[in-house]
Every structure is written in C-alpha cells, then in structure tokens.
file final37.txt (compact mmCIF, C-alpha atoms (C1' of nucleotides))
# COMPACT_ATOMS: atom_id res chain seq x y z
CA MET A 850 24.24 -14.94 -2.85
CA ARG A 851 22.51 -17.73 -1.05
CA ASN A 852 23.51 -19.16 2.27
CA ILE A 853 25.14 -22.54 2.50
CA SER A 854 22.25 -24.13 4.40
CA ASP A 855 19.88 -23.57 1.50
CA VAL A 856 22.43 -24.95 -0.93
CA ILE A 857 22.89 -28.09 1.13
CA GLU A 858 19.13 -28.45 1.48
CA GLY A 859 18.74 -28.26 -2.30
CA TYR A 860 21.49 -30.78 -2.82
CA LEU A 861 19.96 -33.28 -0.41
CA ARG A 862 16.52 -32.85 -1.92
CA GLN A 863 17.91 -33.55 -5.33
CA VAL A 864 19.75 -36.63 -4.15
CA ILE A 865 16.50 -37.91 -2.67
CA GLU A 866 14.62 -37.04 -5.84
CA LEU A 867 17.03 -38.91 -8.07
CA SER A 868 17.25 -41.90 -5.79
CA GLU A 869 15.55 -45.13 -6.73
CA ARG A 870 14.86 -46.02 -3.14
CA ASP A 871 12.61 -44.13 -0.76
CA HIS A 872 15.55 -43.12 1.37
CA ILE A 873 19.13 -41.99 1.06
CA GLU A 874 22.15 -42.42 3.25
CA ILE A 875 24.83 -39.84 3.57
CA LYS A 876 28.05 -39.51 5.48
CA ARG A 877 27.90 -36.33 7.48
CA SER A 878 31.62 -35.63 7.15
CA GLU A 879 31.60 -36.15 3.40
CA VAL A 880 28.76 -33.75 2.78
CA ALA A 881 30.43 -31.23 5.06
CA GLU A 882 33.64 -31.66 3.12
CA LYS A 883 31.85 -31.26 -0.21
CA PHE A 884 30.38 -27.95 0.88
CA GLN A 885 33.38 -26.78 2.88
CA CYS A 886 31.55 -26.42 6.16
CA VAL A 887 31.71 -27.88 9.63
CA PRO A 888 29.91 -31.21 10.11
CA SER A 889 27.39 -29.82 12.57
CA GLN A 890 26.10 -27.62 9.77
CA ILE A 891 24.60 -30.75 8.28
CA ASN A 892 22.71 -31.33 11.51
CA TYR A 893 21.44 -27.79 11.36
CA VAL A 894 20.14 -28.27 7.84
CA ILE A 895 18.47 -31.54 8.74
CA ASN A 896 16.93 -30.21 11.92
CA THR A 897 15.49 -27.13 10.27
CA ARG A 898 14.51 -28.54 6.86
CA PHE A 899 13.96 -32.27 6.97
CA THR A 900 11.39 -32.37 9.72
CA VAL A 901 8.40 -34.63 10.21
CA ASP A 902 6.08 -31.75 9.41
CA ARG A 903 7.72 -31.47 6.05
CA GLY A 904 7.35 -35.18 5.47
CA TYR A 905 10.78 -36.55 6.28
CA LEU A 906 12.08 -39.08 8.73
CA VAL A 907 15.71 -39.13 9.76
CA GLU A 908 17.71 -41.93 11.33
CA SER A 909 21.40 -42.16 11.96
CA LYS A 910 24.16 -44.25 13.35
CA ARG A 911 27.43 -43.16 14.94
CA GLY A 912 30.79 -44.85 14.99
CA GLY A 913 32.52 -46.78 12.20
CA GLY A 914 30.34 -47.01 9.14
CA GLY A 915 28.08 -44.35 10.55
CA TYR A 916 25.51 -42.59 8.40
CA ILE A 917 22.53 -40.30 8.32
CA ARG A 918 19.51 -41.75 6.58
CA ILE A 919 16.78 -39.48 5.28
CA LYS A 920 13.43 -40.92 4.28
CA ARG A 921 10.68 -39.24 2.39
CA ILE A 922 7.36 -40.20 3.88
CA ARG A 923 4.98 -40.28 0.98
CA LEU A 924 1.60 -41.56 1.93
CA HIS A 925 -0.60 -42.16 -1.03
CA GLN A 926 -3.85 -42.23 0.84
CA LYS A 927 -4.66 -38.59 1.14
CA SER A 928 -6.84 -39.06 4.17
CA ASP A 929 -3.95 -40.74 5.96
CA VAL A 930 -1.74 -37.76 5.43
CA ILE A 931 -4.45 -35.50 6.73
CA ALA A 932 -5.21 -37.68 9.71
CA GLU A 933 -1.54 -37.80 10.60
CA VAL A 934 -1.21 -34.08 10.26
CA ILE A 935 -4.28 -33.42 12.39
CA GLU A 936 -2.85 -35.55 15.15
CA ARG A 937 0.21 -33.37 15.27
CA LEU A 938 -1.98 -30.33 15.66
CA GLU A 939 -3.87 -31.52 18.69
CA HIS A 940 -1.73 -29.51 21.09
CA GLY A 941 -1.61 -26.22 19.26
CA ALA A 942 0.17 -25.01 16.17
CA THR A 943 2.84 -22.37 15.75
CA GLN A 944 2.95 -20.44 12.51
CA VAL A 945 6.02 -22.35 11.40
CA MET A 946 4.26 -25.68 12.00
CA ALA A 947 1.27 -24.48 10.03
CA GLU A 948 3.46 -23.41 7.13
CA ASP A 949 5.33 -26.69 7.06
CA ILE A 950 2.10 -28.63 7.05
CA VAL A 951 0.46 -26.57 4.35
CA PHE A 952 3.51 -26.76 2.11
CA ARG A 953 3.58 -30.48 2.57
CA LEU A 954 -0.07 -30.85 1.61
CA LEU A 955 0.67 -28.75 -1.43
CA ASP A 956 3.64 -30.91 -2.23
CA GLU A 957 1.54 -34.05 -1.92
CA GLU A 958 -0.98 -32.44 -4.24
CA ILE A 959 -3.73 -32.67 -1.67
CA ILE A 960 -4.42 -28.97 -1.91
CA SER A 961 -3.89 -26.43 -4.67
CA LYS A 962 -1.55 -23.49 -4.54
CA ARG A 963 -4.46 -21.14 -4.17
CA GLU A 964 -5.90 -23.17 -1.33
CA ALA A 965 -2.51 -23.18 0.35
CA LYS A 966 -2.37 -19.41 0.21
CA LEU A 967 -5.91 -19.20 1.48
CA ILE A 968 -5.15 -21.38 4.48
CA LEU A 969 -1.91 -19.63 5.27
CA SER A 970 -3.50 -16.21 5.18
CA ALA A 971 -6.21 -17.40 7.57
CA VAL A 972 -3.80 -18.66 10.20
CA ASP A 973 -1.16 -15.97 9.91
CA ARG A 974 -0.28 -14.37 13.23
CA GLY A 975 -1.00 -10.99 11.72
CA THR A 976 -4.50 -12.15 10.93
CA LEU A 977 -5.35 -13.85 14.19
CA LEU A 978 -3.83 -11.07 16.27
CA LEU A 979 -4.42 -12.93 19.52
CA PRO A 980 -2.07 -13.35 22.47
CA ILE A 981 -0.06 -16.52 22.87
CA PRO A 982 -1.05 -19.23 23.80
CA THR A 983 -4.61 -18.59 22.62
CA ARG A 984 -3.30 -17.81 19.17
CA ASP A 985 -1.64 -21.19 18.73
CA GLU A 986 -4.75 -22.95 19.97
CA VAL A 987 -7.09 -21.07 17.65
CA ARG A 988 -4.69 -21.62 14.78
CA ALA A 989 -4.71 -25.34 15.44
CA ARG A 990 -8.51 -25.45 15.55
CA ILE A 991 -8.83 -23.56 12.29
CA LEU A 992 -6.34 -25.83 10.59
CA ILE A 993 -8.05 -28.94 11.90
CA ALA A 994 -11.45 -27.66 10.76
CA MET A 995 -10.14 -26.93 7.29
CA LEU A 996 -8.35 -30.23 7.02
CA PHE A 997 -11.50 -32.07 8.02
CA THR A 998 -13.34 -30.24 5.30
CA ILE A 999 -10.78 -31.36 2.78
CA LYS A 1000 -10.74 -34.89 4.09
CA TYR A 1001 -14.46 -35.49 4.03
CA GLN A 1002 -15.16 -33.63 0.90
CA THR A 1003 -17.83 -34.83 -1.47
CA ASN A 1004 -16.96 -34.51 -5.09
CA THR A 1005 -19.52 -31.96 -6.08
CA MET B 1291 17.06 17.25 -5.38
CA ARG B 1292 14.34 14.89 -4.30
CA ASN B 1293 14.38 13.15 -1.00
CA ILE B 1294 16.23 9.90 -0.64
CA SER B 1295 13.08 7.82 -0.19
CA ASP B 1296 11.86 8.82 -3.64
CA VAL B 1297 15.24 8.07 -5.13
CA ILE B 1298 15.31 4.61 -3.58
CA GLU B 1299 11.74 3.99 -4.70
CA GLY B 1300 12.68 4.88 -8.27
CA TYR B 1301 15.72 2.67 -8.13
CA LEU B 1302 13.75 -0.33 -6.89
CA ARG B 1303 11.03 0.21 -9.48
CA GLN B 1304 13.62 0.25 -12.19
CA VAL B 1305 15.27 -2.90 -10.92
CA ILE B 1306 11.89 -4.62 -10.96
CA GLU B 1307 11.20 -3.26 -14.44
CA LEU B 1308 14.45 -4.57 -15.85
CA SER B 1309 14.12 -7.91 -14.15
CA GLU B 1310 13.20 -10.97 -16.16
CA ARG B 1311 11.31 -12.45 -13.26
CA ASP B 1312 8.24 -11.01 -11.61
CA HIS B 1313 10.12 -10.46 -8.40
CA ILE B 1314 13.45 -9.16 -7.20
CA GLU B 1315 15.54 -9.86 -4.17
CA ILE B 1316 17.61 -7.24 -2.47
CA LYS B 1317 19.90 -7.11 0.51
CA ARG B 1318 18.70 -4.37 2.80
CA SER B 1319 22.18 -3.40 3.93
CA GLU B 1320 23.53 -3.21 0.38
CA VAL B 1321 20.82 -0.89 -0.82
CA ALA B 1322 21.29 1.24 2.28
CA GLU B 1323 25.01 1.35 1.60
CA LYS B 1324 24.43 2.28 -2.05
CA PHE B 1325 22.33 5.25 -1.06
CA GLN B 1326 24.28 6.15 2.06
CA CYS B 1327 21.38 5.81 4.45
CA VAL B 1328 20.49 3.73 7.48
CA PRO B 1329 19.07 0.27 6.74
CA SER B 1330 15.71 1.02 8.30
CA GLN B 1331 15.20 3.65 5.61
CA ILE B 1332 14.70 0.77 3.21
CA ASN B 1333 11.88 -0.50 5.40
CA TYR B 1334 10.34 2.92 5.33
CA VAL B 1335 10.44 3.04 1.54
CA ILE B 1336 8.96 -0.42 1.27
CA ASN B 1337 6.25 0.23 3.82
CA THR B 1338 5.15 3.46 2.24
CA ARG B 1339 5.63 2.67 -1.46
CA PHE B 1340 5.55 -1.02 -2.13
CA THR B 1341 2.22 -1.73 -0.54
CA VAL B 1342 -0.48 -4.17 -1.54
CA ASP B 1343 -2.65 -1.28 -2.62
CA ARG B 1344 -0.01 -0.27 -5.10
CA GLY B 1345 0.32 -3.79 -6.39
CA TYR B 1346 3.30 -5.18 -4.58
CA LEU B 1347 3.85 -8.04 -2.20
CA VAL B 1348 6.90 -8.16 0.02
CA GLU B 1349 8.54 -11.11 1.76
CA SER B 1350 11.79 -11.27 3.65
CA LYS B 1351 14.14 -13.47 5.58
CA ARG B 1352 16.52 -12.51 8.37
CA GLY B 1353 19.84 -14.02 9.32
CA GLY B 1354 22.71 -15.13 7.12
CA GLY B 1355 21.73 -15.01 3.47
CA GLY B 1356 18.75 -12.86 4.36
CA TYR B 1357 16.89 -10.83 1.76
CA ILE B 1358 13.88 -8.70 0.98
CA ARG B 1359 11.83 -9.93 -1.96
CA ILE B 1360 9.47 -7.63 -3.78
CA LYS B 1361 6.82 -9.11 -6.06
CA ARG B 1362 4.36 -7.53 -8.43
CA ILE B 1363 0.85 -8.75 -8.12
CA ARG B 1364 -2.02 -8.85 -10.54
CA LEU B 1365 -5.54 -7.87 -9.66
CA HIS B 1366 -8.20 -10.52 -9.76
CA GLN B 1367 -10.88 -9.74 -12.30
CA LYS B 1368 -13.58 -9.80 -9.71
CA SER B 1369 -11.66 -7.64 -7.34
CA ASP B 1370 -14.40 -5.04 -7.14
CA VAL B 1371 -16.83 -7.48 -5.59
CA ILE B 1372 -14.20 -8.53 -3.12
CA ALA B 1373 -13.26 -4.98 -2.23
CA GLU B 1374 -16.88 -4.19 -1.58
CA VAL B 1375 -17.29 -7.23 0.59
CA ILE B 1376 -14.17 -6.47 2.58
CA GLU B 1377 -15.53 -3.06 3.38
CA ARG B 1378 -18.57 -4.60 4.99
CA LEU B 1379 -16.32 -6.67 7.21
CA GLU B 1380 -14.35 -3.83 8.69
CA HIS B 1381 -16.37 -3.79 11.89
CA GLY B 1382 -16.52 -7.46 12.67
CA ALA B 1383 -18.43 -10.34 11.20
CA THR B 1384 -21.08 -12.58 12.68
CA GLN B 1385 -21.34 -16.12 11.45
CA VAL B 1386 -24.44 -15.23 9.47
CA MET B 1387 -22.65 -12.36 7.75
CA ALA B 1388 -19.76 -14.64 6.92
CA GLU B 1389 -22.10 -17.19 5.41
CA ASP B 1390 -23.89 -14.57 3.33
CA ILE B 1391 -20.62 -13.30 1.98
CA VAL B 1392 -19.23 -16.69 1.15
CA PHE B 1393 -22.43 -17.71 -0.63
CA ARG B 1394 -22.35 -14.54 -2.64
CA LEU B 1395 -18.75 -15.15 -3.72
CA LEU B 1396 -19.69 -18.68 -4.65
CA ASP B 1397 -22.63 -17.38 -6.61
CA GLU B 1398 -20.43 -14.92 -8.47
CA GLU B 1399 -18.06 -17.78 -9.22
CA ILE B 1400 -15.22 -16.04 -7.50
CA ILE B 1401 -14.58 -19.04 -5.31
CA SER B 1402 -15.21 -22.74 -5.77
CA LYS B 1403 -17.54 -24.86 -3.70
CA ARG B 1404 -14.58 -26.50 -2.02
CA GLU B 1405 -13.06 -23.13 -1.19
CA ALA B 1406 -16.39 -21.99 0.21
CA LYS B 1407 -16.50 -24.97 2.54
CA LEU B 1408 -12.91 -24.37 3.52
CA ILE B 1409 -13.60 -20.78 4.43
CA LEU B 1410 -16.78 -21.55 6.30
CA SER B 1411 -15.15 -24.26 8.36
CA ALA B 1412 -12.36 -21.88 9.34
CA VAL B 1413 -14.69 -19.17 10.63
CA ASP B 1414 -17.31 -21.38 12.24
CA ARG B 1415 -18.05 -20.43 15.84
CA GLY B 1416 -17.32 -24.02 16.85
CA THR B 1417 -13.87 -23.68 15.36
CA LEU B 1418 -12.94 -20.30 16.72
CA LEU B 1419 -14.34 -21.06 20.18
CA LEU B 1420 -13.65 -17.54 21.41
CA PRO B 1421 -15.88 -15.27 23.46
CA ILE B 1422 -17.90 -12.53 21.81
CA PRO B 1423 -16.90 -9.88 20.73
CA THR B 1424 -13.40 -11.22 20.11
CA ARG B 1425 -14.85 -14.01 18.03
CA ASP B 1426 -16.52 -11.68 15.54
CA GLU B 1427 -13.39 -9.59 15.26
CA VAL B 1428 -11.15 -12.56 14.63
CA ARG B 1429 -13.66 -13.97 12.15
CA ALA B 1430 -13.63 -10.69 10.26
CA ARG B 1431 -9.85 -10.61 10.16
CA ILE B 1432 -9.64 -14.15 8.88
CA LEU B 1433 -12.20 -13.45 6.17
CA ILE B 1434 -10.45 -10.28 5.13
CA ALA B 1435 -7.10 -12.03 4.97
CA MET B 1436 -8.50 -14.80 2.83
CA LEU B 1437 -10.32 -12.40 0.54
CA PHE B 1438 -7.14 -10.40 0.08
CA THR B 1439 -5.39 -13.57 -0.94
CA ILE B 1440 -8.04 -14.25 -3.53
CA LYS B 1441 -8.04 -10.67 -4.73
CA TYR B 1442 -4.32 -10.33 -5.20
CA GLN B 1443 -2.78 -13.19 -7.04
CA THR B 1444 0.90 -13.12 -7.84
CA ASN B 1445 1.94 -13.89 -11.38
CA THR B 1446 3.81 -17.01 -10.48
C1' DA C 597 36.56 -56.37 29.24
C1' DT C 598 39.16 -52.30 28.13
C1' DA C 599 41.14 -48.99 25.30
C1' DC C 600 41.26 -46.81 21.03
C1' DT C 601 39.15 -45.02 16.77
C1' DT C 602 35.56 -43.28 14.09
C1' DA C 603 31.51 -41.19 13.51
C1' DA C 604 27.41 -38.49 14.65
C1' DG C 605 24.91 -35.29 18.24
C1' DT C 606 24.39 -31.20 21.20
C1' DC C 607 24.60 -26.70 22.51
C1' DA C 608 25.82 -22.15 22.97
C1' DA C 609 28.53 -18.24 21.23
C1' DA C 610 29.54 -15.46 17.35
C1' DT C 611 27.86 -13.56 13.27
C1' DA C 612 24.63 -11.92 9.82
C1' DT C 613 20.58 -10.10 8.56
C1' DA C 614 15.97 -7.81 8.77
C1' DG C 615 12.07 -5.43 11.72
C1' DT C 616 10.08 -2.01 14.96
C1' DC C 617 9.32 2.16 16.98
C1' DA C 618 9.71 6.60 18.45
C1' DA C 619 12.42 10.86 18.55
C1' DA C 620 14.19 14.34 15.71
C1' DG C 621 14.34 16.77 11.38
C1' DT C 622 12.23 18.99 7.11
C1' DC C 623 9.15 21.46 4.49
C1' DA C 624 4.84 23.22 2.52
C1' DG C 625 0.82 25.77 3.49
C1' DC C 626 -1.64 28.60 6.55
C1' DG D 1020 5.91 31.46 13.26
C1' DC D 1021 2.77 27.29 13.65
C1' DT D 1022 0.99 22.93 12.25
C1' DG D 1023 0.85 18.61 10.29
C1' DA D 1024 2.43 15.28 7.01
C1' DC D 1025 6.29 13.09 5.56
C1' DT D 1026 11.16 11.73 6.11
C1' DT D 1027 15.39 10.53 8.42
C1' DT D 1028 17.91 8.34 12.04
C1' DG D 1029 19.39 5.11 15.40
C1' DA D 1030 18.73 2.25 19.48
C1' DC D 1031 16.82 -1.88 20.45
C1' DT D 1032 14.65 -6.36 19.07
C1' DA D 1033 13.89 -10.65 16.51
C1' DT D 1034 15.41 -14.30 13.79
C1' DA D 1035 18.47 -17.30 10.93
C1' DT D 1036 22.98 -19.10 10.08
C1' DT D 1037 27.68 -20.43 11.01
C1' DT D 1038 31.20 -22.28 13.88
C1' DG D 1039 33.58 -25.05 17.13
C1' DA D 1040 34.28 -27.18 21.61
C1' DC D 1041 32.62 -30.86 23.93
C1' DT D 1042 29.67 -35.25 24.38
C1' DT D 1043 27.93 -39.69 23.09
C1' DA D 1044 27.60 -43.97 20.57
C1' DA D 1045 29.23 -47.79 17.77
C1' DG D 1046 32.81 -50.56 15.94
C1' DT D 1047 37.60 -52.58 16.40
C1' DA D 1048 41.82 -54.16 18.33
C1' DT D 1049 44.25 -55.91 22.40
call {"tool": "encode", "arguments": {"input": "final37.txt", "output": "structure tokens"}}
result
Amino acid sequence: MRNISDVIEGYLRQVIELSERDHIEIKRSEVAEKFQCVPSQINYVINTRFTVDRGYLVESKRGGGGYIRIKRIRLHQKSDVIAEVIERLEHGATQVMAEDIVFRLLDEEIISKREAKLILSAVDRGTLLLPIPTRDEVRARILIAMLFTIKYQTNT
Amino acid sequence: MRNISDVIEGYLRQVIELSERDHIEIKRSEVAEKFQCVPSQINYVINTRFTVDRGYLVESKRGGGGYIRIKRIRLHQKSDVIAEVIERLEHGATQVMAEDIVFRLLDEEIISKREAKLILSAVDRGTLLLPIPTRDEVRARILIAMLFTIKYQTNT
DNA sequence: ATACTTAAGTCAAATATAGTCAAAGTCAGC
DNA sequence: GCTGACTTTGACTATATTTGACTTAAGTAT
C-alpha cells in the first residue's frame, strides 16, 4: 500500500499532463479534502516533489480566491537546460540534488536511461566515499564535467 | 529444519518467481512478522543472498509507505571483458589507466563514443581535483561503479 | 482604517519505516 | 573442547511521512 504523498504527487502530475496550459492551479483545501488529509500535506508534497531541480515552479496566493499554481518548466533548447542545471551546481551537490537533476535530464530526453544510470552510479555517495563537504564538491565537479560533455558534444 | 535465513530466502525467491513483474516490493516488518524474527534479519538475508553477484539489485525507501524492492538483473553480453577490467582497477587507477580502459571498451563496442567521453570527463584529474593518492582511489571507484552499471542491466 | 474572513505557509512533534553494527548464539570440522 | 564461519538478536541511527497548532497574507465588509 502506497503512502498518500505519492498518490497526491501522481494525481498532480496527471493533472499537469492533461492540462492544455503549461501550468495548473489548485485549491489546497480542495485537494486535501479529496485525499482526506490535512492541508499542510499538500505543502509537503509540493516541497518534496515539485522542486526546481525537478523542473517545476510553484507560486501561490493566500486569502480569498487563493490558489497554488504549479508550472512545468520545459525548456526546449537542451543547452539551456544544461546551463541552468550547471548553475545550480556551482556550490556543491548533494546526492538528492544530483538524482533530481539526472531524472529531469532523462525526462527531458537529453540523456538516455543508460546514461542516467551511468551518471548516478558515478556520483553515488557509496562510490565517492569521501567526507562531507569534499564529497558534495567533488560530486558537483563530476556532474558539471559530464554535463559539459553532453552540452558540447559533436555528433560523431 | 533449516535456519530461518534460508527459509526467508526461499520464500522471497518464490515470490519473485511467481511475480509478473521483474521486481517485487516487500515490507520489511511484515516479512519479519510472518517468519517471527527481528526486522534486521531481513537485511541479513538480503545482504547475504540477494547480492549483485547473484543477479539481484535491491532498492528501498524508509518512512511511511516504505518498502524494500528486489529486482532481477540480466548480465550484459560483454560482461567478461568488464569483469576483467574491473579487476585491474581494484588498486586504484591513474588517468592513463582510465583512458586505456575506456578506449578498449569503446573498441569492443561495449560503450558508445558519447559514453566514453562522459566517463573520461568524470574521471579527469581536472574534474576530481583531489590530492594523490586519494584521486586515483576515487577515480577507480567511479570507474568501477560505472562499469558495474553497464555490466548489470535490469530488465526494465 | 479596522475588523473579520478566507486561504495558504511554517514548523516541530508524532509516527512509520528501513539500515547499521556488534554482541551473542549455533554448528560443523578439527 | 576449540575455532571459525554463519546466523540471530536488539539497541541505536537515519530517513520519510503524517498531523496539527500556530502564523501570515489577501480580500471583504463596516
């Protein structure tokens, strides 16, 4: 039996998927009601699953007529996605950040599944086996190096 | 009467066998309950019996809705070459060694040109930026991790 | 302006899982 | 009986989720 957070995540993803626009607007209390949970659970789902690293942007408004708006950031220029991602890595990368980024690149079809696995295995904490904060710094450098390789790749 | 670890191993094997999918998900506490043992016994069984060498890959998640997922993996056709190469890496890898190995894998058509570049960029001394001998050790671990990924591909 | 109403946000405690590690137990072979 | 490999056990740790009390912001009525 799955947990409710994953169910809500799946629901929101689907709503975004089926939407004509590039963003959706939800009412926190309604979604909470639909899934029989407290409203702050929706914040939890959004904070843990709809992050910038995963390619989402969230805005909201309180008070009467309030809403939570979730946008999918789909950049069609691959190099833009990579450049953006590299910028986020400048100050070190935790394993979770790395995973989010790699899954996003996979999702955007910039890398293949096999390449994703390759990258993730390279930057896994069990592979690097270095003390923090060196580990996060090395991880960031490896990711940046690999992303550069992908970005400036010749088609041969 | 066999020991409980063997019994649990047999049970899990059977569950995998009967499963439609190539992986199963279990709840550690439920299996422990079923066999009247402490939960960490399940970890013991998994660590000693469902290893990569025996063709399994294990993932898990903690917290509410947590699980342990056991996957079967399929050997890459060229796994012998990879195994041989990994052996050479056991005691650290200089950049030159890494390059030799990657070129050989490319030559044997085990990896693509793009993958070769990806790997080389990850283990470049300018990327790792660590002092010797740590650098050669980390480089070896990264290479081994990536080669393992190539060697063992899951069926999905 | 001020007070009231309606939302969403924050944060920490409670809960639910799984992981690690080392001590203690078991058993086969010498 | 002794030794070593393997197994069993449980205390402690790590991580993810759920819940609710309290806070903050925006709109509305007086």
call {"tool": "closest_atom_pairs", "arguments": {"input": "final37.txt", "of": "chain A", "to": "chain C", "cutoff": "7 Å", "atoms": "all atoms listed in the file", "output": "JSON lines"}}
result
{"residue": "A:Lys910", "atom": "CA", "partner": "C:DA604", "partner_atom": "C1'", "distance": 6.7}
{"residue": "A:Arg911", "atom": "CA", "partner": "C:DA604", "partner_atom": "C1'", "distance": 4.7}
{"residue": "A:Gly912", "atom": "CA", "partner": "C:DA603", "partner_atom": "C1'", "distance": 4.0}
{"residue": "A:Gly913", "atom": "CA", "partner": "C:DT602", "partner_atom": "C1'", "distance": 5.0}
{"residue": "A:Gly915", "atom": "CA", "partner": "C:DA603", "partner_atom": "C1'", "distance": 5.5}
call {"tool": "write_last_selection", "arguments": {"input": "final37.txt", "atoms": "C-alpha atoms", "output": "PDB file, in the coordinates of the input"}}
result
ATOM      1  CA  LYS A 910      24.160 -44.250  13.350  1.00  0.00           C
ATOM      2  CA  ARG A 911      27.430 -43.160  14.940  1.00  0.00           C
ATOM      3  CA  GLY A 912      30.790 -44.850  14.990  1.00  0.00           C
ATOM      4  CA  GLY A 913      32.520 -46.780  12.200  1.00  0.00           C
ATOM      5  CA  GLY A 915      28.080 -44.350  10.550  1.00  0.00           C
TER       6      GLY A 915
END
call {"tool": "interface_residues", "arguments": {"input": "final37.txt", "of": "chain D", "to": "chain B", "cutoff": "8 Å", "atoms": "all atoms listed in the file", "output": "number ranges by chain"}}
result
D: 1026-1028, 1034-1036
call {"tool": "write_last_selection", "arguments": {"input": "final37.txt", "atoms": "C-alpha atoms (C1' of nucleotides)", "output": "PDB file, keeping the file's coordinate frame"}}
result
ATOM      1  C1'  DT D1026      11.160  11.730   6.110  1.00  0.00           C
ATOM      2  C1'  DT D1027      15.390  10.530   8.420  1.00  0.00           C
ATOM      3  C1'  DT D1028      17.910   8.340  12.040  1.00  0.00           C
ATOM      4  C1'  DT D1034      15.410 -14.300  13.790  1.00  0.00           C
ATOM      5  C1'  DA D1035      18.470 -17.300  10.930  1.00  0.00           C
ATOM      6  C1'  DT D1036      22.980 -19.100  10.080  1.00  0.00           C
TER       7       DT D1036
END
call {"tool": "closest_residue", "arguments": {"input": "final37.txt", "among": "A:Glu866, A:Glu858, A:Glu957, A:Glu964", "to": "chain B", "atoms": "only C-alpha atoms"}}
result
A:Glu964
call {"tool": "closest_atom_pairs", "arguments": {"input": "final37.txt", "of": "chain B", "to": "chain A", "cutoff": "7 Å", "atoms": "only C-alpha atoms", "output": "CSV"}}
result
residue,atom,partner,partner_atom,distance
B:Gly1354,CA,A:Asn852,CA,6.4
B:Gly1355,CA,A:Asn852,CA,4.7
B:Lys1407,CA,A:Thr998,CA,6.7
B:Leu1408,CA,A:Met995,CA,5.3
B:Ser1411,CA,A:Ala994,CA,5.6
B:Ala1412,CA,A:Ile991,CA,4.9
B:Thr1417,CA,A:Arg990,CA,5.6
B:Leu1418,CA,A:Val987,CA,6.0
B:Val1428,CA,A:Leu977,CA,6.0
B:Arg1431,CA,A:Thr976,CA,5.6
B:Ile1432,CA,A:Ala971,CA,4.9
B:Ala1435,CA,A:Ser970,CA,5.5
B:Met1436,CA,A:Leu967,CA,5.3
B:Thr1439,CA,A:Leu967,CA,6.2
call {"tool": "residues_around", "arguments": {"input": "final37.txt", "residues": "B:Asp1343", "least_positions_apart": "3", "cutoff": "10 Å", "atoms": "all atoms listed in the file", "output": "list of chain:residue names"}}
result
B:Arg1339, B:Phe1340, B:Tyr1346, B:Leu1347, B:Ile1363, B:Tyr1442
call {"tool": "calpha_fit_rmsd", "arguments": {"input": "final37.txt", "fixed": "chain B", "moving": "chain A"}}
result
12.0 Å
call {"tool": "atom_distance", "arguments": {"input": "final37.txt", "atom1": "atom CA of A:Leu938", "atom2": "atom CA of A:Val901"}}
result
12.5 Å
call {"tool": "atom_distance", "arguments": {"input": "final37.txt", "atom1": "atom CA of A:Phe884", "atom2": "atom CA of A:Gly859"}}
result
12.1 Å
call {"tool": "atom_distance", "arguments": {"input": "final37.txt", "atom1": "atom CA of A:Val856", "atom2": "atom CA of A:Ile875"}}
result
15.7 Å
call {"tool": "residues_around", "arguments": {"input": "final37.txt", "residues": "A:Glu874", "least_positions_apart": "3", "cutoff": "9 Å", "atoms": "only C-alpha atoms (C1' of nucleotides)", "output": "list of chain:residue names"}}
result
A:Ser909, A:Tyr916, A:Ile917, A:Arg918, A:Ile919, A:Lys920
call {"tool": "write_last_selection", "arguments": {"input": "final37.txt", "atoms": "C-alpha atoms", "output": "PDB file, in the coordinates of the input"}}
result
ATOM      1  CA  SER A 909      21.400 -42.160  11.960  1.00  0.00           C
ATOM      2  CA  TYR A 916      25.510 -42.590   8.400  1.00  0.00           C
ATOM      3  CA  ILE A 917      22.530 -40.300   8.320  1.00  0.00           C
ATOM      4  CA  ARG A 918      19.510 -41.750   6.580  1.00  0.00           C
ATOM      5  CA  ILE A 919      16.780 -39.480   5.280  1.00  0.00           C
ATOM      6  CA  LYS A 920      13.430 -40.920   4.280  1.00  0.00           C
TER       7      LYS A 920
END
call {"tool": "closest_residue", "arguments": {"input": "final37.txt", "among": "A:Arg953, A:Arg870, A:Arg862, A:Arg937", "to": "A:Ala965", "atoms": "only C-alpha atoms"}}
result
A:Arg953
call {"tool": "decode", "arguments": {"input": "final37.txt", "residues": "stretch 1338-1351 of chain B", "atoms": "N, CA and C atoms", "output": "CSV table (one decimal), in the first residue's frame"}}
result
chain,number,residue,atom,x,y,z
B,1338,THR,N,23.2,-11.1,2.3
B,1338,THR,CA,24.0,-12.3,2.0
B,1338,THR,C,23.5,-13.1,0.8
B,1339,ARG,N,22.2,-12.9,0.5
B,1339,ARG,CA,21.6,-13.8,-0.6
B,1339,ARG,C,21.2,-13.0,-1.9
B,1340,PHE,N,20.8,-11.8,-1.7
B,1340,PHE,CA,20.3,-11.1,-2.9
B,1340,PHE,C,21.3,-10.1,-3.4
B,1341,THR,N,22.5,-10.5,-3.6
B,1341,THR,CA,23.6,-9.7,-4.0
B,1341,THR,C,23.7,-9.5,-5.5
B,1342,VAL,N,24.4,-8.5,-5.9
B,1342,VAL,CA,24.6,-8.3,-7.3
B,1342,VAL,C,25.3,-9.5,-8.0
B,1343,ASP,N,26.2,-10.1,-7.3
B,1343,ASP,CA,26.9,-11.3,-7.8
B,1343,ASP,C,25.9,-12.4,-8.1
B,1344,ARG,N,24.8,-12.4,-7.4
B,1344,ARG,CA,23.8,-13.5,-7.6
B,1344,ARG,C,22.7,-13.0,-8.5
B,1345,GLY,N,22.9,-11.8,-9.0
B,1345,GLY,CA,21.9,-11.3,-10.0
B,1345,GLY,C,20.7,-10.6,-9.5
B,1346,TYR,N,20.9,-9.9,-8.4
B,1346,TYR,CA,19.8,-9.1,-7.8
B,1346,TYR,C,20.2,-7.7,-7.5
B,1347,LEU,N,19.3,-6.8,-7.6
B,1347,LEU,CA,19.5,-5.4,-7.3
B,1347,LEU,C,18.5,-5.0,-6.3
B,1348,VAL,N,18.9,-4.4,-5.2
B,1348,VAL,CA,17.9,-4.0,-4.2
B,1348,VAL,C,17.8,-2.5,-4.0
B,1349,GLU,N,16.6,-2.0,-3.8
B,1349,GLU,CA,16.4,-0.6,-3.5
B,1349,GLU,C,15.4,-0.6,-2.4
B,1350,SER,N,15.4,0.5,-1.6
B,1350,SER,CA,14.5,0.6,-0.5
B,1350,SER,C,14.1,2.1,-0.2
B,1351,LYS,N,13.1,2.2,0.5
B,1351,LYS,CA,12.7,3.6,1.0
B,1351,LYS,C,12.3,3.4,2.4
